[in-house]
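Engineer: I am sharing target_36.cif, which consists of mmCIF, C-alpha atoms:
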data_model
loop_
_atom_site.group_PDB
_atom_site.id
_atom_site.type_symbol
_atom_site.label_atom_id
_atom_site.label_comp_id
_atom_site.auth_asym_id
_atom_site.auth_seq_id
_atom_site.Cartn_x
_atom_site.Cartn_y
_atom_site.Cartn_z
ATOM 1 C CA MET A 691 0.000 0.000 0.000
ATOM 2 C CA PHE A 692 1.129 3.551 -0.710
ATOM 3 C CA ASP A 693 0.850 4.440 2.997
ATOM 4 C CA GLN A 694 4.140 2.608 3.513
ATOM 5 C CA PHE A 695 6.152 5.706 2.597
ATOM 6 C CA VAL A 696 9.574 4.175 3.189
ATOM 7 C CA GLN A 697 9.053 1.441 0.577
ATOM 8 C CA LEU A 698 7.128 3.592 -1.898
ATOM 9 C CA PRO A 699 8.005 7.313 -1.809
ATOM 10 C CA TYR A 700 5.835 7.924 -4.887
ATOM 11 C CA GLU A 701 3.047 6.291 -6.878
ATOM 12 C CA ILE A 702 2.026 6.981 -10.492
ATOM 13 C CA VAL A 703 -1.513 5.967 -11.424
ATOM 14 C CA PRO A 704 -3.112 6.538 -14.863
ATOM 15 C CA GLU A 705 -6.890 6.033 -14.744
ATOM 16 C CA ILE A 706 -9.879 6.419 -17.063
ATOM 17 C CA LEU A 707 -13.075 7.000 -15.093
ATOM 18 C CA ASP A 708 -16.764 7.563 -15.795
ATOM 19 C CA GLU A 709 -17.623 7.959 -12.125
ATOM 20 C CA TRP A 710 -15.614 9.133 -9.155
ATOM 21 C CA THR A 711 -15.332 6.923 -6.081
ATOM 22 C CA ALA A 712 -13.961 8.529 -2.928
ATOM 23 C CA PRO A 713 -10.923 6.809 -1.356
ATOM 24 C CA ALA A 714 -11.743 4.482 1.498
ATOM 25 C CA ARG A 715 -9.213 6.210 3.760
ATOM 26 C CA PRO A 716 -8.009 9.810 4.244
ATOM 27 C CA MET A 717 -5.257 10.982 1.889
ATOM 28 C CA HIS A 718 -1.880 10.945 3.679
ATOM 29 C CA TYR A 719 0.223 12.162 0.776
ATOM 30 C CA PHE A 720 0.712 15.025 -1.654
ATOM 31 C CA GLN A 721 -0.921 14.555 -5.024
ATOM 32 C CA LEU A 722 -0.840 15.948 -8.569
ATOM 33 C CA ALA A 723 -4.018 15.237 -10.535
ATOM 34 C CA TYR A 724 -3.532 15.886 -14.253
ATOM 35 C CA ILE A 725 -6.489 15.844 -16.669
ATOM 36 C CA ARG A 726 -5.475 14.166 -19.924
ATOM 37 C CA GLU A 727 -8.988 14.253 -21.411
ATOM 38 C CA GLY A 728 -12.579 14.780 -20.348
ATOM 39 C CA LYS A 729 -14.701 17.431 -18.641
ATOM 40 C CA GLY A 730 -16.290 17.889 -15.261
ATOM 41 C CA VAL A 731 -16.036 19.765 -11.989
ATOM 42 C CA HIS A 732 -13.429 19.410 -9.262
ATOM 43 C CA HIS A 733 -14.663 20.096 -5.719
ATOM 44 C CA VAL A 734 -11.947 21.137 -3.252
ATOM 45 C CA ASN A 735 -12.546 22.248 0.331
ATOM 46 C CA GLY A 736 -16.046 23.534 -0.438
ATOM 47 C CA ASN A 737 -15.088 25.262 -3.715
ATOM 48 C CA SER A 738 -15.896 24.042 -7.240
ATOM 49 C CA TYR A 739 -13.722 24.408 -10.359
ATOM 50 C CA PRO A 740 -14.537 23.249 -13.910
ATOM 51 C CA TYR A 741 -11.873 21.020 -15.421
ATOM 52 C CA SER A 742 -10.934 20.035 -18.980
ATOM 53 C CA ASN A 743 -7.928 18.742 -20.930
ATOM 54 C CA GLY A 744 -4.596 19.942 -19.563
ATOM 55 C CA LYS A 745 -5.773 21.093 -16.140
ATOM 56 C CA LEU A 746 -3.452 20.266 -13.267
ATOM 57 C CA PHE A 747 -4.602 20.209 -9.638
ATOM 58 C CA LEU A 748 -2.266 20.022 -6.637
ATOM 59 C CA LEU A 749 -3.599 18.545 -3.431
ATOM 60 C CA SER A 750 -2.136 18.410 0.063
ATOM 61 C CA PRO A 751 -2.970 15.806 2.740
ATOM 62 C CA ASP A 752 -5.400 18.257 4.379
ATOM 63 C CA ASP A 753 -7.529 18.833 1.276
ATOM 64 C CA GLN A 754 -11.033 17.362 0.957
ATOM 65 C CA HIS A 755 -11.780 16.818 -2.721
ATOM 66 C CA SER A 756 -13.861 14.915 -5.271
ATOM 67 C CA PHE A 757 -14.490 14.939 -9.041
ATOM 68 C CA ASP A 758 -17.909 15.333 -10.625
ATOM 69 C CA ILE A 759 -17.181 13.576 -13.933
ATOM 70 C CA GLN A 760 -19.373 14.829 -16.810
ATOM 71 C CA THR A 761 -17.597 13.056 -19.692
ATOM 72 C CA THR A 762 -15.236 10.084 -19.501
ATOM 73 C CA THR A 763 -12.042 11.471 -17.985
ATOM 74 C CA GLY A 764 -8.449 10.304 -18.311
ATOM 75 C CA PHE A 765 -6.474 11.138 -15.174
ATOM 76 C CA LEU A 766 -2.805 10.879 -14.334
ATOM 77 C CA PHE A 767 -2.339 10.853 -10.557
ATOM 78 C CA ILE A 768 1.128 11.325 -9.098
ATOM 79 C CA ARG A 769 1.159 10.768 -5.350
ATOM 80 C CA PHE A 770 4.221 11.188 -3.187
ATOM 81 C CA SER A 771 5.370 11.480 0.404
ATOM 82 C CA GLN A 772 7.682 13.955 2.104
ATOM 83 C CA LEU A 773 10.419 11.349 1.621
ATOM 84 C CA PHE A 774 10.179 11.945 -2.117
ATOM 85 C CA ILE A 775 10.524 15.705 -1.554
ATOM 86 C CA LEU A 776 13.653 15.031 0.481
ATOM 87 C CA GLN A 777 15.031 12.963 -2.409
ATOM 88 C CA LEU A 778 14.408 15.914 -4.730
ATOM 89 C CA LYS A 779 16.161 18.151 -2.230
ATOM 90 C CA ASP A 780 19.202 15.853 -2.189
ATOM 91 C CA ASP A 781 19.318 15.870 -5.999
ATOM 92 C CA ALA A 782 18.953 19.656 -6.149
ATOM 93 C CA GLU A 783 21.667 20.327 -3.592
ATOM 94 C CA ARG A 784 24.205 18.770 -5.926
ATOM 95 C CA LEU A 785 23.469 21.569 -8.373
ATOM 96 C CA GLU A 786 22.094 24.508 -6.376
ATOM 97 C CA GLN A 787 20.897 25.659 -2.979
ATOM 98 C CA CYS A 788 17.183 24.909 -2.954
ATOM 99 C CA ASP A 789 14.924 24.471 0.083
ATOM 100 C CA TRP A 790 12.406 22.007 -1.305
ATOM 101 C CA MET A 791 10.343 21.735 1.856
ATOM 102 C CA LYS A 792 9.526 25.447 1.808
ATOM 103 C CA LYS A 793 8.873 25.333 -1.914
ATOM 104 C CA THR A 794 6.484 22.416 -1.427
ATOM 105 C CA ASP A 795 4.629 24.298 1.313
ATOM 106 C CA TYR A 796 4.012 27.195 -1.048
ATOM 107 C CA ILE A 797 3.031 25.082 -4.043
ATOM 108 C CA PHE A 798 0.532 22.820 -2.319
ATOM 109 C CA HIS A 799 -1.208 25.498 -0.250
ATOM 110 C CA ASN A 800 -1.539 28.085 -3.014
ATOM 111 C CA TYR A 801 -5.064 29.043 -4.101
ATOM 112 C CA HIS A 802 -4.314 28.706 -7.813
ATOM 113 C CA SER A 803 -3.058 25.143 -7.360
ATOM 114 C CA LYS A 804 -6.541 24.139 -6.190
ATOM 115 C CA ALA A 805 -8.297 25.953 -9.033
ATOM 116 C CA GLY A 806 -6.307 24.220 -11.784
ATOM 117 C CA CYS A 807 -5.327 27.581 -13.317
ATOM 118 C CA ILE A 808 -1.609 27.164 -12.712
ATOM 119 C CA PHE A 809 0.184 27.988 -15.931
ATOM 120 C CA ARG A 810 0.386 31.583 -17.161
ATOM 121 C CA ASP A 811 3.026 30.783 -19.781
ATOM 122 C CA PRO A 812 1.809 28.541 -22.675
ATOM 123 C CA ALA A 813 5.355 27.303 -23.242
ATOM 124 C CA ASP A 814 5.588 26.226 -19.581
ATOM 125 C CA GLU A 815 2.218 24.504 -19.848
ATOM 126 C CA SER A 816 3.399 22.605 -22.925
ATOM 127 C CA LEU A 817 6.643 21.620 -21.195
ATOM 128 C CA ALA A 818 4.686 20.446 -18.134
ATOM 129 C CA ALA A 819 2.517 18.209 -20.335
ATOM 130 C CA THR A 820 5.667 16.713 -21.890
ATOM 131 C CA LEU A 821 7.184 16.122 -18.447
ATOM 132 C CA LEU A 822 4.020 14.400 -17.216
ATOM 133 C CA GLN A 823 3.998 12.151 -20.287
ATOM 134 C CA SER A 824 7.660 11.354 -19.677
ATOM 135 C CA ILE A 825 7.018 10.505 -16.023
ATOM 136 C CA GLU A 826 4.203 8.140 -16.987
ATOM 137 C CA ARG A 827 6.297 6.516 -19.749
ATOM 138 C CA GLU A 828 9.314 5.934 -17.491
ATOM 139 C CA HIS A 829 7.072 4.469 -14.807
ATOM 140 C CA LEU A 830 5.457 2.028 -17.247
ATOM 141 C CA LEU A 831 8.644 0.956 -19.034
ATOM 142 C CA HIS A 832 10.988 0.779 -16.026
ATOM 143 C CA GLY A 833 13.991 1.418 -18.248
ATOM 144 C CA LYS A 834 17.540 1.785 -16.948
ATOM 145 C CA GLY A 835 17.765 4.723 -14.546
ATOM 146 C CA TYR A 836 14.005 5.370 -14.649
ATOM 147 C CA ARG A 837 13.781 6.363 -10.967
ATOM 148 C CA LEU A 838 16.352 9.134 -11.424
ATOM 149 C CA ILE A 839 14.619 10.348 -14.593
ATOM 150 C CA ILE A 840 11.277 10.481 -12.760
ATOM 151 C CA ARG A 841 12.800 12.427 -9.851
ATOM 152 C CA GLN A 842 14.520 14.911 -12.147
ATOM 153 C CA SER A 843 11.337 15.363 -14.229
ATOM 154 C CA MET A 844 9.345 15.973 -11.044
ATOM 155 C CA SER A 845 11.935 18.502 -9.879
ATOM 156 C CA ILE A 846 11.624 20.471 -13.137
ATOM 157 C CA LEU A 847 7.822 20.190 -13.049
ATOM 158 C CA LEU A 848 7.544 21.559 -9.498
ATOM 159 C CA ASN A 849 9.909 24.416 -10.377
ATOM 160 C CA LEU A 850 7.697 25.284 -13.357
ATOM 161 C CA ILE A 851 4.616 25.213 -11.132
ATOM 162 C CA ALA A 852 6.249 27.440 -8.502
ATOM 163 C CA ARG A 853 7.320 29.953 -11.157
ATOM 164 C CA ASN A 854 3.835 30.180 -12.635
ATOM 165 C CA LEU A 855 2.113 30.460 -9.253
ATOM 166 C CA LEU A 856 4.382 33.370 -8.355
ATOM 167 C CA ARG A 857 3.753 34.908 -11.768
ATOM 168 C CA ALA A 858 -0.013 34.573 -11.247
ATOM 169 C CA GLU A 859 0.152 36.549 -8.001
ATOM 170 C CA ASN A 860 2.467 39.241 -9.362
ATOM 171 C CA THR A 861 0.402 39.622 -12.548
ATOM 172 C CA GLY A 862 -2.799 39.851 -10.561
ATOM 173 C CA VAL A 863 -1.501 42.752 -8.505
ATOM 174 C CA ALA A 864 -0.188 44.575 -11.580
ATOM 175 C CA GLU A 865 -3.372 44.100 -13.597
ATOM 176 C CA ASN A 866 -5.524 45.401 -10.776
ATOM 177 C CA SER A 867 -3.619 48.703 -10.592
ATOM 178 C CA GLY A 868 -3.421 48.790 -6.815
ATOM 179 C CA ARG A 869 -6.593 46.821 -6.171
ATOM 180 C CA PHE A 870 -6.314 43.450 -4.485
ATOM 181 C CA SER A 871 -8.232 40.340 -3.529
ATOM 182 C CA ILE A 872 -8.322 38.290 -0.360
ATOM 183 C CA MET A 873 -6.641 35.396 -2.198
ATOM 184 C CA GLN A 874 -3.744 37.649 -3.236
ATOM 185 C CA ILE A 875 -3.242 38.603 0.409
ATOM 186 C CA ILE A 876 -3.445 34.971 1.545
ATOM 187 C CA SER A 877 -1.016 33.841 -1.156
ATOM 188 C CA TYR A 878 1.395 36.597 -0.111
ATOM 189 C CA LEU A 879 1.185 35.491 3.534
ATOM 190 C CA GLN A 880 1.880 31.898 2.535
ATOM 191 C CA GLU A 881 4.760 32.838 0.262
ATOM 192 C CA HIS A 882 6.461 34.911 2.984
ATOM 193 C CA VAL A 883 5.571 32.809 6.041
ATOM 194 C CA TYR A 884 9.296 32.273 6.741
ATOM 195 C CA GLU A 885 9.967 36.032 6.688
ATOM 196 C CA PRO A 886 8.334 37.554 9.819
ATOM 197 C CA GLN A 887 9.313 41.104 8.847
ATOM 198 C CA GLN A 888 7.278 40.827 5.635
ATOM 199 C CA LEU A 889 4.171 39.795 7.604
ATOM 200 C CA LYS A 890 3.979 42.849 9.835
ATOM 201 C CA LEU A 891 0.899 44.982 9.222
ATOM 202 C CA PRO A 892 2.753 48.131 8.030
ATOM 203 C CA GLN A 893 4.738 46.136 5.449
ATOM 204 C CA LEU A 894 1.604 44.315 4.279
ATOM 205 C CA ALA A 895 -0.345 47.559 3.995
ATOM 206 C CA ALA A 896 2.458 49.139 1.961
ATOM 207 C CA ARG A 897 2.627 46.055 -0.282
ATOM 208 C CA PHE A 898 -1.065 46.342 -1.165
ATOM 209 C CA ASN A 899 -1.160 50.149 -1.036
ATOM 210 C CA ILE A 900 -3.889 50.440 1.609
ATOM 211 C CA SER A 901 -4.089 51.596 5.216
ATOM 212 C CA THR A 902 -3.287 49.192 8.047
ATOM 213 C CA THR A 903 -6.743 49.708 9.540
ATOM 214 C CA TYR A 904 -8.575 48.881 6.327
ATOM 215 C CA LEU A 905 -6.307 45.888 5.636
ATOM 216 C CA GLY A 906 -7.083 44.382 9.037
ATOM 217 C CA GLU A 907 -10.826 44.997 8.662
ATOM 218 C CA TYR A 908 -10.885 43.668 5.091
ATOM 219 C CA PHE A 909 -9.037 40.476 6.028
ATOM 220 C CA ARG A 910 -11.266 39.757 9.017
ATOM 221 C CA LYS A 911 -14.423 40.434 6.993
ATOM 222 C CA HIS A 912 -13.450 37.864 4.322
ATOM 223 C CA THR A 913 -11.851 35.189 6.513
ATOM 224 C CA GLY A 914 -13.336 35.616 9.970
ATOM 225 C CA GLN A 915 -9.794 35.837 11.366
ATOM 226 C CA SER A 916 -7.188 38.468 12.030
ATOM 227 C CA ILE A 917 -4.033 38.316 9.919
ATOM 228 C CA GLN A 918 -2.036 37.240 12.966
ATOM 229 C CA GLU A 919 -4.491 34.423 13.706
ATOM 230 C CA TYR A 920 -4.372 33.233 10.098
ATOM 231 C CA VAL A 921 -0.554 33.154 10.102
ATOM 232 C CA ILE A 922 -0.472 31.178 13.360
ATOM 233 C CA GLU A 923 -2.951 28.600 12.039
ATOM 234 C CA TYR A 924 -1.112 28.322 8.734
ATOM 235 C CA LYS A 925 2.182 27.759 10.554
ATOM 236 C CA LEU A 926 0.552 25.047 12.675
ATOM 237 C CA LYS A 927 -0.574 23.296 9.477
ATOM 238 C CA LEU A 928 3.053 23.341 8.357
ATOM 239 C CA VAL A 929 4.072 21.968 11.758
ATOM 240 C CA GLU A 930 1.614 19.099 11.228
ATOM 241 C CA THR A 931 3.180 18.411 7.820
ATOM 242 C CA ARG A 932 6.691 18.390 9.322
ATOM 243 C CA LEU A 933 5.633 16.061 12.133
ATOM 244 C CA GLY A 934 3.911 13.651 9.788
ATOM 245 C CA TYR A 935 6.261 13.648 6.796
ATOM 246 C CA SER A 936 9.765 14.524 7.984
ATOM 247 C CA ASN A 937 12.294 13.488 10.609
ATOM 248 C CA MET A 938 12.854 17.043 11.804
ATOM 249 C CA ARG A 939 13.105 17.489 15.559
ATOM 250 C CA ILE A 940 10.505 19.704 17.216
ATOM 251 C CA GLN A 941 13.218 22.222 18.101
ATOM 252 C CA GLU A 942 14.238 22.415 14.426
ATOM 253 C CA ILE A 943 10.615 22.908 13.367
ATOM 254 C CA ALA A 944 10.200 25.703 15.910
ATOM 255 C CA GLU A 945 13.336 27.466 14.653
ATOM 256 C CA GLU A 946 12.416 27.090 10.987
ATOM 257 C CA LEU A 947 8.903 28.505 11.424
ATOM 258 C CA GLY A 948 9.919 31.367 13.698
ATOM 259 C CA PHE A 949 8.419 30.225 17.004
ATOM 260 C CA THR A 950 10.141 31.532 20.132
ATOM 261 C CA ASP A 951 11.383 28.083 21.138
ATOM 262 C CA GLU A 952 10.365 24.419 21.311
ATOM 263 C CA SER A 953 8.534 24.925 24.608
ATOM 264 C CA TYR A 954 6.361 27.724 23.202
ATOM 265 C CA LEU A 955 5.533 25.702 20.084
ATOM 266 C CA SER A 956 4.606 22.672 22.195
ATOM 267 C CA ARG A 957 2.302 24.728 24.433
ATOM 268 C CA LEU A 958 0.661 26.447 21.462
ATOM 269 C CA PHE A 959 0.209 23.176 19.567
ATOM 270 C CA LYS A 960 -1.311 21.490 22.638
ATOM 271 C CA LYS A 961 -3.666 24.439 23.175
ATOM 272 C CA ARG A 962 -4.832 24.566 19.530
ATOM 273 C CA ARG A 963 -4.767 20.849 18.650
ATOM 274 C CA GLY A 964 -5.430 19.239 22.034
ATOM 275 C CA ILE A 965 -2.319 17.057 21.781
ATOM 276 C CA THR A 966 1.440 17.581 22.088
ATOM 277 C CA PRO A 967 3.594 17.605 18.925
ATOM 278 C CA GLY A 968 5.341 14.409 20.032
ATOM 279 C CA ALA A 969 2.057 12.597 20.616
ATOM 280 C CA TYR A 970 0.739 13.863 17.275
ATOM 281 C CA ARG A 971 3.767 12.413 15.485
ATOM 282 C CA LYS A 972 3.371 9.031 17.217
ATOM 283 C CA GLN A 973 -0.320 9.014 16.332
ATOM 284 C CA LEU A 974 0.550 9.231 12.612
ATOM 285 C CA GLN A 975 3.123 6.450 12.662
ATOM 286 C CA PRO A 976 1.860 3.213 11.049
ATOM 287 C CA ALA A 977 1.068 0.378 13.419
ATOM 288 C CA LYS A 978 3.744 -2.314 13.523
#
So, in terms of structure tokens, how does the structure I just supplied come out?

Structural biologist:
Amino acid sequence: MFDQFVQLPYEIVPEILDEWTAPARPMHYFQLAYIREGKGVHHVNGNSYPYSNGKLFLLSPDDQHSFDIQTTTGFLFIRFSQLFILQLKDDAERLEQCDWMKKTDYIFHNYHSKAGCIFRDPADESLAATLLQSIEREHLLHGKGYRLIIRQSMSILLNLIARNLLRAENTGVAENSGRFSIMQIISYLQEHVYEPQQLKLPQLAARFNISTTYLGEYFRKHTGQSIQEYVIEYKLKLVETRLGYSNMRIQEIAEELGFTDESYLSRLFKKRRGITPGAYRKQLQPAK
């Protein structure tokens, strides 16, 4: 089973479906769902997005999703664990300095990745389709060195996705001539979650060219939370990901995400989640 992450860091599944059947168990992995053919609607976390040929959806373990299939649909699902991300990181570090865990956080929690409207550059979209075809081919043929080719293709694909998601946010701000949307603010918070200075209200207000008072009121009106509350909850989601899909120590997680120290993170996690980080990690470990 794919839940055994150590044996199977990734799984590639081509499927042709007329009707969607929900998985029997919760999704404990990251997933790319590529539409090769067909039409329908993708439901993600209470939102609905039409899909057609060439759409690519990115799903994190926390996402609740289903497909309303209107015409026979060919899917290519690529599912992978944090172990696979760490393999990509090891490959990348031979060539460049690249923090894949942070990049993965941004990619899989970005609004546009749920909506399937990822690619702003047609050439990038075409290259992504070629990469996905290559990944499927290598998986089916199992030729010499196929695992390395799959990893390198995935690395290029995720870099393309990250570039286009960033381009989507920057273009949106430019096209709106100073106007903004709640999703642009949320995407900015997610992108800069590791940079506390960029998340302070004055810097955010200057970024979106509005007053601090209006920014705070606007954010609360559309999300029901303050900006500070949203950032804390988002960071705790990242903590959950680290605990479930990495070997990072709690102290290292606290340092990476800008918490005061391990003790503060543990108290906050226990208060918000009703369980300590260590107990949460043990709870996710497969039974032996």

Engineer: Determine the residue membership of the PyMOL selection byres ((chain A and resi 932) around 12) for the file above and supply it as a PyMOL selection string.

Structural biologist: chain A and resi 751+771-773+775-776+791-792+794-795+925-931+933-944+946-947+967-968+970-971+974

Engineer: Can you translate the PyMOL selection byres ((chain A and resi 707) around 10) into the concrete residues it hits in this file, as JSON, numbers by chain?

Structural biologist: {"A": [704, 705, 706, 708, 709, 710, 711, 728, 759, 761, 762, 763, 764, 765]}

Engineer: Just the number, please: distance in Å from CA of Ala712 in chain A to CA of Gln754 in chain A, one decimal.

Structural biologist: 10.1 Å

Engineer: Could you expand the PyMOL selection byres ((chain A and resi 738) around 12) into the explicit residues it covers here, written as JSON, numbers by chain?

Structural biologist: {"A": [730, 731, 732, 733, 734, 735, 736, 737, 739, 740, 741, 754, 755, 756, 757, 758, 804, 805, 806]}

Engineer: With C-alpha atoms retained, write the just-selected residues as a PDB file, keeping the file's coordinate frame.

Structural biologist:
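Resulting contents of result.pdb:
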ATOM      1  CA  GLY A 730     -16.290  17.889 -15.261  1.00  0.00           C
ATOM      2  CA  VAL A 731     -16.036  19.765 -11.989  1.00  0.00           C
ATOM      3  CA  HIS A 732     -13.429  19.410  -9.262  1.00  0.00           C
ATOM      4  CA  HIS A 733     -14.663  20.096  -5.719  1.00  0.00           C
ATOM      5  CA  VAL A 734     -11.947  21.137  -3.252  1.00  0.00           C
ATOM      6  CA  ASN A 735     -12.546  22.248   0.331  1.00  0.00           C
ATOM      7  CA  GLY A 736     -16.046  23.534  -0.438  1.00  0.00           C
ATOM      8  CA  ASN A 737     -15.088  25.262  -3.715  1.00  0.00           C
ATOM      9  CA  TYR A 739     -13.722  24.408 -10.359  1.00  0.00           C
ATOM     10  CA  PRO A 740     -14.537  23.249 -13.910  1.00  0.00           C
ATOM     11  CA  TYR A 741     -11.873  21.020 -15.421  1.00  0.00           C
ATOM     12  CA  GLN A 754     -11.033  17.362   0.957  1.00  0.00           C
ATOM     13  CA  HIS A 755     -11.780  16.818  -2.721  1.00  0.00           C
ATOM     14  CA  SER A 756     -13.861  14.915  -5.271  1.00  0.00           C
ATOM     15  CA  PHE A 757     -14.490  14.939  -9.041  1.00  0.00           C
ATOM     16  CA  ASP A 758     -17.909  15.333 -10.625  1.00  0.00           C
ATOM     17  CA  LYS A 804      -6.541  24.139  -6.190  1.00  0.00           C
ATOM     18  CA  ALA A 805      -8.297  25.953  -9.033  1.00  0.00           C
ATOM     19  CA  GLY A 806      -6.307  24.220 -11.784  1.00  0.00           C
TER      20      GLY A 806
END

Engineer: Excluding same-chain residues fewer than 2 positions from Leu830 in chain A, what lies within 12 Å of it counting only C-alpha atoms, as a ChimeraX atom specification?

Structural biologist: /A:701-704,823-828,832-833,836-837,840

Engineer: Please supply range 884-891 of chain A, rebuilt with all heavy atoms, as a PDB file, in the frame of the given file.

Structural biologist:
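The result, written out as result.pdb:
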ATOM      1  N   TYR A 884       7.998  32.432   6.091  1.00  0.00           N
ATOM      2  CA  TYR A 884       9.296  32.273   6.741  1.00  0.00           C
ATOM      3  C   TYR A 884      10.011  33.612   6.950  1.00  0.00           C
ATOM      4  O   TYR A 884      11.142  33.633   7.427  1.00  0.00           O
ATOM      5  CB  TYR A 884      10.190  31.350   5.914  1.00  0.00           C
ATOM      6  CG  TYR A 884       9.606  29.965   5.719  1.00  0.00           C
ATOM      7  CD1 TYR A 884       8.895  29.653   4.578  1.00  0.00           C
ATOM      8  CD2 TYR A 884       9.752  28.989   6.699  1.00  0.00           C
ATOM      9  CE1 TYR A 884       8.344  28.391   4.399  1.00  0.00           C
ATOM     10  CE2 TYR A 884       9.207  27.728   6.536  1.00  0.00           C
ATOM     11  CZ  TYR A 884       8.502  27.437   5.386  1.00  0.00           C
ATOM     12  OH  TYR A 884       7.941  26.188   5.221  1.00  0.00           O
ATOM     13  N   GLU A 885       9.357  34.704   6.577  1.00  0.00           N
ATOM     14  CA  GLU A 885       9.967  36.032   6.688  1.00  0.00           C
ATOM     15  C   GLU A 885       9.082  36.912   7.568  1.00  0.00           C
ATOM     16  O   GLU A 885       8.249  37.667   7.064  1.00  0.00           O
ATOM     17  CB  GLU A 885      10.122  36.660   5.309  1.00  0.00           C
ATOM     18  CG  GLU A 885      10.899  35.799   4.328  1.00  0.00           C
ATOM     19  CD  GLU A 885      10.781  36.330   2.906  1.00  0.00           C
ATOM     20  OE1 GLU A 885      11.517  37.282   2.581  1.00  0.00           O
ATOM     21  OE2 GLU A 885       9.952  35.806   2.128  1.00  0.00           O
ATOM     22  N   PRO A 886       9.214  36.832   8.891  1.00  0.00           N
ATOM     23  CA  PRO A 886       8.334  37.554   9.819  1.00  0.00           C
ATOM     24  C   PRO A 886       8.230  39.051   9.552  1.00  0.00           C
ATOM     25  O   PRO A 886       7.165  39.646   9.710  1.00  0.00           O
ATOM     26  CB  PRO A 886       8.956  37.292  11.193  1.00  0.00           C
ATOM     27  CG  PRO A 886       9.871  36.141  11.018  1.00  0.00           C
ATOM     28  CD  PRO A 886      10.244  36.057   9.583  1.00  0.00           C
ATOM     29  N   GLN A 887       9.330  39.657   9.103  1.00  0.00           N
ATOM     30  CA  GLN A 887       9.313  41.104   8.847  1.00  0.00           C
ATOM     31  C   GLN A 887       8.320  41.455   7.744  1.00  0.00           C
ATOM     32  O   GLN A 887       7.687  42.519   7.778  1.00  0.00           O
ATOM     33  CB  GLN A 887      10.715  41.591   8.459  1.00  0.00           C
ATOM     34  CG  GLN A 887      11.698  41.664   9.615  1.00  0.00           C
ATOM     35  CD  GLN A 887      11.260  42.679  10.650  1.00  0.00           C
ATOM     36  OE1 GLN A 887      11.037  42.331  11.817  1.00  0.00           O
ATOM     37  NE2 GLN A 887      11.121  43.927  10.244  1.00  0.00           N
ATOM     38  N   GLN A 888       8.183  40.563   6.748  1.00  0.00           N
ATOM     39  CA  GLN A 888       7.278  40.827   5.635  1.00  0.00           C
ATOM     40  C   GLN A 888       5.807  40.670   6.027  1.00  0.00           C
ATOM     41  O   GLN A 888       4.917  41.063   5.274  1.00  0.00           O
ATOM     42  CB  GLN A 888       7.593  39.880   4.475  1.00  0.00           C
ATOM     43  CG  GLN A 888       8.993  40.026   3.920  1.00  0.00           C
ATOM     44  CD  GLN A 888       9.249  41.410   3.334  1.00  0.00           C
ATOM     45  OE1 GLN A 888       8.371  41.995   2.705  1.00  0.00           O
ATOM     46  NE2 GLN A 888      10.442  41.931   3.560  1.00  0.00           N
ATOM     47  N   LEU A 889       5.553  40.071   7.186  1.00  0.00           N
ATOM     48  CA  LEU A 889       4.171  39.795   7.604  1.00  0.00           C
ATOM     49  C   LEU A 889       3.637  40.825   8.601  1.00  0.00           C
ATOM     50  O   LEU A 889       2.501  40.710   9.054  1.00  0.00           O
ATOM     51  CB  LEU A 889       4.085  38.392   8.223  1.00  0.00           C
ATOM     52  CG  LEU A 889       4.541  37.239   7.335  1.00  0.00           C
ATOM     53  CD1 LEU A 889       4.298  35.910   8.038  1.00  0.00           C
ATOM     54  CD2 LEU A 889       3.827  37.252   5.990  1.00  0.00           C
ATOM     55  N   LYS A 890       4.452  41.798   8.932  1.00  0.00           N
ATOM     56  CA  LYS A 890       3.979  42.849   9.835  1.00  0.00           C
ATOM     57  C   LYS A 890       2.987  43.748   9.098  1.00  0.00           C
ATOM     58  O   LYS A 890       3.122  43.986   7.895  1.00  0.00           O
ATOM     59  CB  LYS A 890       5.157  43.668  10.360  1.00  0.00           C
ATOM     60  CG  LYS A 890       6.046  42.864  11.317  1.00  0.00           C
ATOM     61  CD  LYS A 890       7.135  43.731  11.914  1.00  0.00           C
ATOM     62  CE  LYS A 890       7.952  42.934  12.927  1.00  0.00           C
ATOM     63  NZ  LYS A 890       9.036  43.751  13.543  1.00  0.00           N
ATOM     64  N   LEU A 891       1.996  44.225   9.834  1.00  0.00           N
ATOM     65  CA  LEU A 891       0.899  44.982   9.222  1.00  0.00           C
ATOM     66  C   LEU A 891       1.366  46.174   8.391  1.00  0.00           C
ATOM     67  O   LEU A 891       0.864  46.373   7.276  1.00  0.00           O
ATOM     68  CB  LEU A 891      -0.090  45.419  10.305  1.00  0.00           C
ATOM     69  CG  LEU A 891      -1.551  45.552   9.872  1.00  0.00           C
ATOM     70  CD1 LEU A 891      -2.051  44.274   9.220  1.00  0.00           C
ATOM     71  CD2 LEU A 891      -2.426  45.914  11.060  1.00  0.00           C
TER      72      LEU A 891
END
